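Below is one structure; the comments refer to it alone.
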Amino acid sequence: MNSNHSPEKLAVFIAQTLDGYIAGLDNDIGFLDKYYQENEDYGYSRFMHDVDAIIIGRKTFDKLQSFQMQHYYEGKPCYVITHTPRTNFQNFIFYSQDIQQLYNLMCDKYKRKFYIDGGAETIASFHKLGLIDSFTISILPEFLGNGIKLFPPSGLSSDQLNLEYCKQFDNGLIQLKYLTKPKN
């Protein structure tokens, strides 16, 4: 946890398969459909209640566009990390500068937390800088075998985490929430 802000300022809330994949080949997330249950959002609504803004990578943005799901983040500013500047539209703010500067800007601008909703590269970039305060990871009871891993095989820093909770759902999904420990 970064010591210059309140606990859980920057959070990850994401699902992965047991073998660590957040998407299949070509960013396919169709495997998530079988875990949809009416009246069960796995704590997402409660989590989003305290979120002021969202951060996503450009590939995640493109996936939302392909599903015509721009409304998914309606009502909250959504910063899209991209290498290529684009024109902002609706609630999407395209950001192509230093992510530490973005983090500082967001800490100054927003009172509550903000979260990274993918992708793996964006999460890894913020994690490498020690900026992520919590990871809520829903583990799906299946093996995907290939695709995009949540955590790359190398390049992440070694962190100690504190388990805040572990919750099991009837369909076999297990949700873990870890808080990062302050750096010494």
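Residues are named by chain letter and number: chains run A, B, ... in the order of the structure tokens, numbers start at 1 in each chain, and ligands are numbered from 1 in the order shown.
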Please provide the set of residues having any atom within 9 Å of segment 172-184 of chain A, restricted to only C-alpha atoms, with same-chain residues fewer than 6 positions apart removed, written as a PDB file with C-alpha atoms, in the first residue's frame.
ATOM      1  CA  MET A   1       0.000   0.000   0.000  1.00  0.00           C
ATOM      2  CA  ASN A   2       1.307   3.397  -0.936  1.00  0.00           C
ATOM      3  CA  SER A   3       1.684   5.434   2.252  1.00  0.00           C
ATOM      4  CA  PRO A   7      -6.253   2.307   2.348  1.00  0.00           C
ATOM      5  CA  GLU A   8      -7.580   0.735  -0.831  1.00  0.00           C
ATOM      6  CA  PHE A  13     -11.509  -6.707  -9.090  1.00  0.00           C
ATOM      7  CA  ALA A  15     -11.953 -13.110 -12.503  1.00  0.00           C
ATOM      8  CA  TYR A  35     -20.895 -18.099 -14.298  1.00  0.00           C
ATOM      9  CA  TYR A  42     -20.159 -11.764  -6.783  1.00  0.00           C
ATOM     10  CA  GLY A 130       3.625  -0.561  -6.032  1.00  0.00           C
ATOM     11  CA  ILE A 132      -2.221  -1.359  -6.137  1.00  0.00           C
ATOM     12  CA  ASP A 133      -3.698  -1.656  -2.655  1.00  0.00           C
ATOM     13  CA  SER A 134      -5.994  -4.643  -3.073  1.00  0.00           C
ATOM     14  CA  PHE A 135      -6.654  -7.577  -5.362  1.00  0.00           C
ATOM     15  CA  THR A 136     -10.121  -9.150  -5.387  1.00  0.00           C
ATOM     16  CA  ILE A 137      -9.775 -12.210  -7.582  1.00  0.00           C
ATOM     17  CA  SER A 138     -12.598 -14.596  -8.377  1.00  0.00           C
ATOM     18  CA  ILE A 139     -11.191 -17.995  -9.290  1.00  0.00           C
ATOM     19  CA  LEU A 140     -13.328 -19.925 -11.738  1.00  0.00           C
ATOM     20  CA  PRO A 141     -13.336 -23.727 -11.367  1.00  0.00           C
ATOM     21  CA  ASP A 159       5.029  -8.751  -2.499  1.00  0.00           C
ATOM     22  CA  GLN A 160       3.603  -9.941   0.745  1.00  0.00           C
ATOM     23  CA  LEU A 161      -0.179  -9.877   0.810  1.00  0.00           C
ATOM     24  CA  ASN A 162      -2.705 -10.079   3.639  1.00  0.00           C
ATOM     25  CA  LEU A 163      -5.803 -12.201   3.023  1.00  0.00           C
ATOM     26  CA  GLU A 164      -8.869 -10.145   3.914  1.00  0.00           C
ATOM     27  CA  TYR A 165     -11.441 -12.763   2.978  1.00  0.00           C
ATOM     28  CA  CYS A 166     -12.126 -15.934   1.048  1.00  0.00           C
TER      29      CYS A 166
END
- Close residues, Lys111 of chain A itself excluded, 9 Å, only C-alpha atoms, min 4 positions apart in chain, as a list in words: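 Those residues are Lys9, Asp52, Met106 and Cys107 of chain A.
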- Near Thr82 of chain A, counting only C-alpha atoms, which residues have an atom at most 10 Å away, once you skip same-chain residues fewer than 4 positions from it, shown as an MDAnalysis selection string? chainID A and resid 56:59 61 86 94:97 122
- Message: So the first atom is atom CA of Gln16 of chain A and the second is atom CA of Ile29 of chain A; what is the distance between them in Å, to one decimal place?
- Response: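 For atom CA of Gln16 of chain A relative to atom CA of Ile29 of chain A, the distance reads 10.1 Å.
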- DSSP-assigned helix (DSSP H, G or I) among chain A, expressed as a ChimeraX atom specification: /A:25-27,30-35,44-49,58-66,70-73,99-109,120-128
Taking N, CA and C atoms for each residue, export the selection above as a CSV table (one decimal), in the first residue's frame.
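Contents of result.csv, freshly written:
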chain,number,residue,atom,x,y,z
A,25,LEU,N,-7.8,-17.0,-26.2
A,25,LEU,CA,-7.1,-16.5,-27.4
A,25,LEU,C,-8.0,-15.4,-28.0
A,26,ASP,N,-7.4,-14.5,-28.6
A,26,ASP,CA,-8.1,-13.3,-29.2
A,26,ASP,C,-8.9,-12.6,-28.2
A,27,ASN,N,-8.5,-12.5,-26.9
A,27,ASN,CA,-9.2,-11.8,-25.9
A,27,ASN,C,-10.6,-12.4,-25.6
A,30,GLY,N,-15.7,-15.4,-23.4
A,30,GLY,CA,-17.0,-16.1,-23.5
A,30,GLY,C,-17.1,-17.2,-22.4
A,31,PHE,N,-16.0,-17.7,-21.9
A,31,PHE,CA,-16.0,-18.7,-20.8
A,31,PHE,C,-16.7,-18.1,-19.5
A,32,LEU,N,-16.7,-16.8,-19.4
A,32,LEU,CA,-17.3,-16.2,-18.2
A,32,LEU,C,-18.8,-16.3,-18.2
A,33,ASP,N,-19.4,-16.5,-19.3
A,33,ASP,CA,-20.9,-16.5,-19.4
A,33,ASP,C,-21.5,-17.6,-18.5
A,34,LYS,N,-20.9,-18.7,-18.4
A,34,LYS,CA,-21.5,-19.8,-17.6
A,34,LYS,C,-21.6,-19.5,-16.2
A,35,TYR,N,-20.9,-18.5,-15.7
A,35,TYR,CA,-20.9,-18.1,-14.3
A,35,TYR,C,-21.9,-17.0,-14.0
A,44,TYR,N,-19.8,-7.4,-7.0
A,44,TYR,CA,-19.4,-6.3,-7.9
A,44,TYR,C,-20.1,-5.0,-7.6
A,45,SER,N,-21.4,-5.1,-7.4
A,45,SER,CA,-22.2,-3.8,-7.2
A,45,SER,C,-21.8,-3.2,-5.9
A,46,ARG,N,-21.6,-3.9,-4.9
A,46,ARG,CA,-21.1,-3.4,-3.6
A,46,ARG,C,-19.7,-2.8,-3.8
A,47,PHE,N,-18.8,-3.4,-4.5
A,47,PHE,CA,-17.5,-2.9,-4.8
A,47,PHE,C,-17.6,-1.6,-5.5
A,48,MET,N,-18.4,-1.6,-6.6
A,48,MET,CA,-18.5,-0.4,-7.5
A,48,MET,C,-19.2,0.8,-6.7
A,49,HIS,N,-19.9,0.6,-5.7
A,49,HIS,CA,-20.5,1.6,-4.9
A,49,HIS,C,-19.5,2.6,-4.4
A,58,ARG,N,-6.1,-0.2,-23.3
A,58,ARG,CA,-6.7,0.0,-24.6
A,58,ARG,C,-7.3,-1.3,-25.1
A,59,LYS,N,-6.7,-2.4,-24.9
A,59,LYS,CA,-7.2,-3.7,-25.4
A,59,LYS,C,-8.5,-4.0,-24.7
A,60,THR,N,-8.6,-3.7,-23.4
A,60,THR,CA,-9.9,-3.9,-22.7
A,60,THR,C,-11.0,-3.0,-23.3
A,61,PHE,N,-10.6,-1.7,-23.5
A,61,PHE,CA,-11.5,-0.8,-24.1
A,61,PHE,C,-12.0,-1.3,-25.5
A,62,ASP,N,-11.0,-1.8,-26.3
A,62,ASP,CA,-11.4,-2.3,-27.6
A,62,ASP,C,-12.4,-3.5,-27.5
A,63,LYS,N,-12.2,-4.3,-26.5
A,63,LYS,CA,-13.1,-5.4,-26.3
A,63,LYS,C,-14.5,-4.9,-25.9
A,64,LEU,N,-14.6,-3.9,-25.0
A,64,LEU,CA,-15.9,-3.3,-24.7
A,64,LEU,C,-16.6,-2.8,-25.9
A,65,GLN,N,-15.8,-2.1,-26.8
A,65,GLN,CA,-16.3,-1.6,-28.0
A,65,GLN,C,-16.9,-2.7,-28.9
A,66,SER,N,-16.2,-3.8,-29.0
A,66,SER,CA,-16.6,-4.9,-29.9
A,66,SER,C,-17.9,-5.5,-29.4
A,70,GLN,N,-20.1,0.3,-24.2
A,70,GLN,CA,-19.6,1.5,-23.7
A,70,GLN,C,-20.3,2.0,-22.5
A,71,HIS,N,-21.6,1.6,-22.4
A,71,HIS,CA,-22.4,2.0,-21.2
A,71,HIS,C,-22.0,1.3,-19.9
A,72,TYR,N,-21.1,0.3,-20.0
A,72,TYR,CA,-20.7,-0.5,-18.9
A,72,TYR,C,-20.2,0.4,-17.7
A,73,TYR,N,-19.5,1.4,-18.0
A,73,TYR,CA,-19.0,2.3,-17.0
A,73,TYR,C,-19.7,3.6,-16.9
A,99,ILE,N,2.0,6.7,-16.0
A,99,ILE,CA,1.0,6.2,-15.2
A,99,ILE,C,1.1,6.6,-13.7
A,100,GLN,N,2.3,6.9,-13.3
A,100,GLN,CA,2.5,7.4,-11.9
A,100,GLN,C,1.8,8.8,-11.8
A,101,GLN,N,2.0,9.6,-12.9
A,101,GLN,CA,1.3,10.9,-12.9
A,101,GLN,C,-0.2,10.8,-12.9
A,102,LEU,N,-0.7,9.8,-13.7
A,102,LEU,CA,-2.2,9.5,-13.7
A,102,LEU,C,-2.6,9.2,-12.3
A,103,TYR,N,-1.9,8.3,-11.6
A,103,TYR,CA,-2.2,7.9,-10.3
A,103,TYR,C,-2.3,9.1,-9.4
A,104,ASN,N,-1.3,9.9,-9.4
A,104,ASN,CA,-1.2,11.1,-8.5
A,104,ASN,C,-2.4,12.0,-8.8
A,105,LEU,N,-2.7,12.2,-10.1
A,105,LEU,CA,-3.8,13.1,-10.5
A,105,LEU,C,-5.1,12.5,-9.9
A,106,MET,N,-5.3,11.2,-10.0
A,106,MET,CA,-6.5,10.6,-9.6
A,106,MET,C,-6.6,10.6,-8.0
A,107,CYS,N,-5.5,10.5,-7.4
A,107,CYS,CA,-5.5,10.6,-5.9
A,107,CYS,C,-6.0,12.0,-5.5
A,108,ASP,N,-5.5,13.0,-6.2
A,108,ASP,CA,-5.9,14.4,-5.9
A,108,ASP,C,-7.4,14.6,-6.2
A,109,LYS,N,-7.8,14.0,-7.3
A,109,LYS,CA,-9.1,14.4,-7.9
A,109,LYS,C,-10.3,13.6,-7.2
A,120,ALA,N,-4.3,-7.3,-18.3
A,120,ALA,CA,-3.2,-7.8,-17.5
A,120,ALA,C,-2.0,-6.9,-17.6
A,121,GLU,N,-1.7,-6.3,-18.8
A,121,GLU,CA,-0.6,-5.4,-18.9
A,121,GLU,C,-0.8,-4.1,-18.1
A,122,THR,N,-2.0,-3.6,-18.0
A,122,THR,CA,-2.3,-2.4,-17.3
A,122,THR,C,-2.1,-2.7,-15.8
A,123,ILE,N,-2.7,-3.8,-15.3
A,123,ILE,CA,-2.5,-4.2,-13.9
A,123,ILE,C,-1.1,-4.4,-13.6
A,124,ALA,N,-0.3,-5.1,-14.4
A,124,ALA,CA,1.1,-5.3,-14.2
A,124,ALA,C,1.9,-3.9,-14.1
A,125,SER,N,1.5,-3.0,-14.9
A,125,SER,CA,2.2,-1.7,-14.9
A,125,SER,C,2.0,-0.9,-13.6
A,126,PHE,N,0.8,-0.9,-13.1
A,126,PHE,CA,0.5,-0.3,-11.8
A,126,PHE,C,1.1,-1.1,-10.7
A,127,HIS,N,1.1,-2.4,-10.8
A,127,HIS,CA,1.7,-3.2,-9.7
A,127,HIS,C,3.2,-3.0,-9.6
A,128,LYS,N,3.9,-3.0,-10.7
A,128,LYS,CA,5.3,-2.8,-10.7
A,128,LYS,C,5.7,-1.5,-10.0
- Message: Please list as a VMD selection string every residue within 10 Å of Pro77 of chain A, counting only C-alpha atoms and excluding residues in the same chain fewer than 5 positions away.
- Response: chain A and resid 52 to 55 90 to 93 114
Please dump the current selection as a PDB file, in the first residue's frame; keep N, CA and C atoms.
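To be explicit, this is the file written out as result.pdb:
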ATOM      1  N   ASP A  52     -14.889   5.739  -7.543  1.00  0.00           N
ATOM      2  CA  ASP A  52     -15.111   7.032  -8.200  1.00  0.00           C
ATOM      3  C   ASP A  52     -14.719   7.024  -9.675  1.00  0.00           C
ATOM      4  N   ALA A  53     -13.720   6.218 -10.027  1.00  0.00           N
ATOM      5  CA  ALA A  53     -13.220   6.212 -11.404  1.00  0.00           C
ATOM      6  C   ALA A  53     -12.613   4.852 -11.717  1.00  0.00           C
ATOM      7  N   ILE A  54     -12.475   4.587 -13.015  1.00  0.00           N
ATOM      8  CA  ILE A  54     -12.015   3.289 -13.493  1.00  0.00           C
ATOM      9  C   ILE A  54     -10.818   3.499 -14.423  1.00  0.00           C
ATOM     10  N   ILE A  55      -9.916   2.525 -14.401  1.00  0.00           N
ATOM     11  CA  ILE A  55      -8.769   2.514 -15.310  1.00  0.00           C
ATOM     12  C   ILE A  55      -8.834   1.204 -16.102  1.00  0.00           C
ATOM     13  N   GLN A  90     -17.719  10.518 -24.476  1.00  0.00           N
ATOM     14  CA  GLN A  90     -18.574  10.064 -23.392  1.00  0.00           C
ATOM     15  C   GLN A  90     -17.788  10.176 -22.084  1.00  0.00           C
ATOM     16  N   ASN A  91     -17.703   9.117 -21.315  1.00  0.00           N
ATOM     17  CA  ASN A  91     -16.984   9.147 -20.045  1.00  0.00           C
ATOM     18  C   ASN A  91     -15.573   8.552 -20.171  1.00  0.00           C
ATOM     19  N   PHE A  92     -15.105   8.316 -21.404  1.00  0.00           N
ATOM     20  CA  PHE A  92     -13.790   7.720 -21.630  1.00  0.00           C
ATOM     21  C   PHE A  92     -12.748   8.808 -21.847  1.00  0.00           C
ATOM     22  N   ILE A  93     -11.697   8.753 -21.035  1.00  0.00           N
ATOM     23  CA  ILE A  93     -10.592   9.707 -21.099  1.00  0.00           C
ATOM     24  C   ILE A  93      -9.357   8.914 -21.508  1.00  0.00           C
ATOM     25  N   PHE A 114     -10.504   4.022  -6.826  1.00  0.00           N
ATOM     26  CA  PHE A 114     -10.642   3.780  -8.247  1.00  0.00           C
ATOM     27  C   PHE A 114     -10.067   2.403  -8.518  1.00  0.00           C
TER      28      PHE A 114
END
- Task: Have a look at atom CA of Thr84 of chain A and atom CA of Ile148 of chain A and let me know their distance in Å, one decimal.
- Result: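 Those two atoms sit 22.0 Å apart.
The interatomic distance for the pair atom CA of Val51 of chain A and atom CA of Lys113 of chain A works out to 4.9 Å.
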- Got a sec to tell me which of segment 10-57 of chain A DSSP assigns to strand (DSSP E), as a list in words?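 Everything in segment 10-57 of chain A that counts as strand (DSSP E) is Leu10, Ala11, Val12, Phe13, Ile14, Ala15, Gln16, Thr17, Tyr21, Ile22, Ala23, Val51, Asp52, Ala53, Ile54, Ile55, Ile56 and Gly57 of chain A.
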Next, dump the selected residues to file, keeping only N, CA and C atoms, as a compact mmCIF listing (two decimals), in the first residue's frame.
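Output saved as again.txt:
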# COMPACT_ATOMS: atom_id res chain seq x y z
N LEU A 10 -6.44 2.21 -4.80
CA LEU A 10 -6.42 1.59 -6.12
C LEU A 10 -6.62 0.09 -5.96
N ALA A 11 -7.68 -0.43 -6.58
CA ALA A 11 -8.07 -1.83 -6.38
C ALA A 11 -8.23 -2.54 -7.72
N VAL A 12 -7.98 -3.84 -7.68
CA VAL A 12 -8.24 -4.72 -8.82
C VAL A 12 -9.41 -5.62 -8.41
N PHE A 13 -10.37 -5.81 -9.30
CA PHE A 13 -11.51 -6.71 -9.09
C PHE A 13 -11.67 -7.45 -10.41
N ILE A 14 -11.34 -8.74 -10.41
CA ILE A 14 -11.24 -9.46 -11.68
C ILE A 14 -11.46 -10.96 -11.47
N ALA A 15 -11.79 -11.65 -12.55
CA ALA A 15 -11.95 -13.11 -12.50
C ALA A 15 -10.87 -13.76 -13.34
N GLN A 16 -10.47 -14.95 -12.91
CA GLN A 16 -9.51 -15.75 -13.67
C GLN A 16 -9.86 -17.21 -13.51
N THR A 17 -9.41 -18.01 -14.46
CA THR A 17 -9.59 -19.45 -14.35
C THR A 17 -8.59 -20.00 -13.33
N TYR A 21 -5.92 -17.67 -16.25
CA TYR A 21 -6.24 -16.89 -17.45
C TYR A 21 -7.45 -15.99 -17.23
N ILE A 22 -7.33 -14.74 -17.72
CA ILE A 22 -8.44 -13.79 -17.66
C ILE A 22 -9.16 -13.70 -19.00
N ALA A 23 -8.54 -14.21 -20.03
CA ALA A 23 -9.14 -14.24 -21.37
C ALA A 23 -8.49 -15.36 -22.16
N VAL A 51 -16.45 3.16 -5.79
CA VAL A 51 -15.48 3.50 -6.82
C VAL A 51 -15.86 4.82 -7.48
N ASP A 52 -14.89 5.74 -7.54
CA ASP A 52 -15.11 7.03 -8.20
C ASP A 52 -14.72 7.02 -9.67
N ALA A 53 -13.72 6.22 -10.03
CA ALA A 53 -13.22 6.21 -11.40
C ALA A 53 -12.61 4.85 -11.72
N ILE A 54 -12.48 4.59 -13.02
CA ILE A 54 -12.01 3.29 -13.49
C ILE A 54 -10.82 3.50 -14.42
N ILE A 55 -9.92 2.53 -14.40
CA ILE A 55 -8.77 2.51 -15.31
C ILE A 55 -8.83 1.20 -16.10
N ILE A 56 -8.71 1.31 -17.42
CA ILE A 56 -8.62 0.12 -18.26
C ILE A 56 -7.53 0.33 -19.30
N GLY A 57 -7.03 -0.76 -19.81
CA GLY A 57 -6.08 -0.69 -20.91
C GLY A 57 -6.82 -0.56 -22.23
- Write out as number ranges by chain each polymer residue whose atoms come within 8 Å of Asp19 of chain A, counting only C-alpha atoms; drop sequence neighbours fewer than 3 positions from it. A: 16, 142-145
- Message: Calculated over only C-alpha atoms, which of the candidates A:Phe89, A:Asn146, A:Phe169, A:Phe151 has the smallest distance to Gly24 of chain A?
- Response: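 Looking at the shortest contact to Gly24 of chain A, the residue is A:Asn146.
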